[in-house]
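Shown next: input.txt, containing compact mmCIF, C-alpha atoms.
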```txt
# COMPACT_ATOMS: atom_id res chain seq x y z
CA MET H 1 -138.06 237.81 0.46
CA VAL H 2 -137.26 235.61 -2.52
CA LYS H 3 -133.74 235.67 -3.86
CA ASN H 4 -134.09 236.31 -7.55
CA SER H 5 -130.99 237.33 -9.42
CA PHE H 6 -132.86 237.12 -12.73
CA MET H 7 -134.88 240.26 -11.98
CA THR H 8 -133.58 243.68 -12.89
CA LEU H 9 -133.23 246.53 -10.41
CA SER H 10 -136.45 248.08 -11.71
CA GLU H 11 -138.32 244.79 -11.39
CA ARG H 12 -137.06 244.28 -7.82
CA ILE H 13 -138.18 247.76 -6.76
CA LYS H 14 -141.64 247.21 -8.22
CA HIS H 15 -141.96 243.61 -7.00
CA THR H 16 -140.88 244.46 -3.45
CA ARG H 17 -143.20 247.47 -3.33
CA GLN H 18 -146.14 245.41 -4.53
CA GLN H 19 -145.27 242.53 -2.20
CA GLN H 20 -145.49 244.93 0.72
CA LYS H 21 -148.73 246.42 -0.61
CA ILE H 22 -147.28 249.92 -0.87
CA SER H 23 -148.53 252.15 -3.68
CA GLN H 24 -146.15 254.07 -5.89
CA LYS H 25 -147.50 257.27 -4.40
CA GLU H 26 -146.85 256.07 -0.83
CA LEU H 27 -143.30 254.95 -1.66
CA ALA H 28 -142.57 258.21 -3.46
CA GLU H 29 -143.82 260.25 -0.51
CA GLN H 30 -142.03 258.19 2.15
CA ALA H 31 -138.75 258.14 0.20
CA ASN H 32 -139.14 261.82 -0.73
CA ILE H 33 -138.96 261.07 -4.47
CA ASN H 34 -140.89 262.55 -7.35
CA LEU H 35 -143.67 260.12 -8.37
CA LYS H 36 -142.76 260.37 -12.06
CA SER H 37 -139.14 259.53 -11.24
CA LEU H 38 -140.20 256.49 -9.22
CA SER H 39 -142.35 255.35 -12.12
CA ARG H 40 -139.33 255.62 -14.44
CA TYR H 41 -137.21 253.61 -11.97
CA GLU H 42 -139.82 250.85 -11.92
CA VAL H 43 -140.19 250.77 -15.70
CA GLY H 44 -136.42 250.77 -16.09
CA THR H 45 -136.05 253.85 -18.27
CA THR H 46 -133.81 255.48 -15.65
CA ILE H 47 -131.74 254.25 -12.71
CA PRO H 48 -132.06 255.96 -9.34
CA PRO H 49 -128.98 257.71 -7.97
CA ALA H 50 -127.34 255.91 -5.04
CA ASN H 51 -128.80 258.23 -2.39
CA LEU H 52 -132.35 257.75 -3.69
CA LEU H 53 -131.84 254.01 -4.05
CA ALA H 54 -130.84 253.93 -0.37
CA ASP H 55 -134.00 255.85 0.53
CA ILE H 56 -136.15 253.45 -1.48
CA ALA H 57 -134.49 250.44 0.16
CA LYS H 58 -135.01 251.92 3.61
CA VAL H 59 -138.73 252.51 3.03
CA LEU H 60 -139.14 249.01 1.57
CA GLY H 61 -137.20 247.46 4.45
CA VAL H 62 -134.60 245.78 2.25
CA SER H 63 -130.93 246.35 1.58
CA THR H 64 -129.61 248.17 -1.44
CA ASP H 65 -127.70 244.93 -2.21
CA TYR H 66 -131.02 243.17 -2.59
CA LEU H 67 -132.39 245.82 -4.93
CA ILE H 68 -129.22 245.88 -7.03
CA MET H 69 -128.22 242.21 -7.10
CA GLY H 70 -131.12 240.26 -5.66
CA GLU H 71 -129.10 239.17 -2.66
CA THR H 72 -130.27 239.49 0.90
CA SER H 73 -128.20 239.71 4.03
CA GLU H 74 -128.26 236.87 6.49
CA ILE H 75 -129.72 239.42 8.92
CA GLN H 76 -133.40 239.78 8.06
CA ASP H 77 -134.24 242.34 10.77
CA LEU H 78 -133.49 245.73 9.17
CA ASP H 79 -133.13 247.51 12.52
CA LEU H 80 -130.63 244.90 13.70
CA TYR H 81 -128.79 245.07 10.37
CA ASN H 82 -128.48 248.87 10.67
CA LYS H 83 -127.14 248.57 14.21
CA PHE H 84 -124.52 246.01 13.20
CA THR H 85 -123.54 248.19 10.26
CA ALA H 86 -123.05 251.11 12.67
CA ILE H 87 -120.96 248.94 15.01
CA GLN H 88 -118.63 248.08 12.12
CA ALA H 89 -117.69 251.76 11.82
CA ILE H 90 -116.75 252.06 15.50
CA GLU H 91 -113.13 251.49 16.49
CA GLY H 92 -111.10 250.88 19.61
CA ASP H 93 -112.34 250.41 23.14
CA SER H 94 -115.90 251.46 22.34
CA LYS H 95 -116.25 248.64 19.83
CA LYS H 96 -114.70 246.14 22.26
CA MET H 97 -117.16 247.21 24.95
CA ILE H 98 -120.15 246.83 22.60
CA LEU H 99 -119.01 243.38 21.44
CA SER H 100 -118.38 242.30 25.03
CA PHE H 101 -121.87 243.44 26.03
CA LEU H 102 -123.39 241.59 23.05
CA GLU H 103 -121.57 238.39 23.99
CA MET H 104 -122.80 238.69 27.58
CA ALA H 105 -126.39 239.38 26.48
CA ILE H 106 -126.36 236.45 24.04
CA ARG H 107 -124.99 234.05 26.69
CA ASP H 108 -127.63 235.26 29.15
CA ALA H 109 -130.46 234.82 26.62
CA GLN H 110 -129.22 231.36 25.65
CA ALA H 111 -128.97 230.29 29.30
CA LYS H 112 -132.51 231.52 30.01
CA GLN H 113 -133.78 229.70 26.95
CA ALA H 114 -132.00 226.47 27.92
CA TYR H 115 -133.52 226.49 31.42
CA SER H 116 -137.05 227.47 30.49
```
Conversion result in structure tokens:
Amino acid sequence: MVKNSFMTLSERIKHTRQQQKISQKELAEQANINLKSLSRYEVGTTIPPANLLADIAKVLGVSTDYLIMGETSEIQDLDLYNKFTAIQAIEGDSKKMILSFLEMAIRDAQAKQAYS
């Protein structure tokens, strides 16, 4: 994914879709959007509502931040990004347990990698 803050939202939607070799029809179907509406979003005559923009981003495998501002998260793996986003919303002992498990798993993976 190229960081390009000079593109507009409409250009980023179209560029990302084309880069991933997804047709407008496929994106519209997968994001549950009217094809004519998607076409208008890509041309820039209308802006998608936040909920539809999130659906478009999900299908394209990018963040809404990227589509809006051209910025990508440091986390490139969308599944991993979604899991970390979910962890942020958790509070208390559950979050501490998850973070503790992650630290243990990372240390274990690093040790295995160092000795292989």
| Given the choices H:Leu99, H:Val62, H:Leu9, H:Leu78, which gets closest to Pro48 of chain H if the distance is worked out from all atoms listed in the file? |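 When distances to Pro48 of chain H are compared using all atoms listed in the file, the smallest one comes from H:Leu9.
Put simply, atom CA of Ala57 of chain H is 18.8 Å away from atom CA of Thr45 of chain H.
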| Test item: residues at most 12 Å from segment 16-27 of chain H, only C-alpha atoms, excluding those fewer than 6 positions along its chain, as a count of residues only | 33
| message | For a test of reading the model, state the distance in Å between atom CA of Glu91 of chain H and atom CA of Thr64 of chain H, rounded to one decimal. | response |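 Computed distance, atom CA of Glu91 of chain H to atom CA of Thr64 of chain H, equals 24.6 Å.
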| task | To one decimal in Å, tell me the separation between atom CA of His15 of chain H and atom CA of Met69 of chain H. | result |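 Separation between atom CA of His15 of chain H and atom CA of Met69 of chain H: 13.8 Å.
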| query | Of the residues H:Ala111, H:Ile13, H:Glu103, H:Asp77, which is the one nearest to Ala54 of chain H, using only C-alpha atoms? | reply |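 Of all the options, H:Ile13 lies closest to Ala54 of chain H.
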How big is the axis-aligned box, and where does its centre sit, when it encloses all atoms of segment 54-67 of chain H listed in the file and has 3 Å added on every side, reported in Å to one decimal as lines of an AutoDock Vina configuration file?
```
center_x = -133.4
center_y = 249.5
center_z = -0.2
size_x = 17.4
size_y = 18.7
size_z = 15.4
```
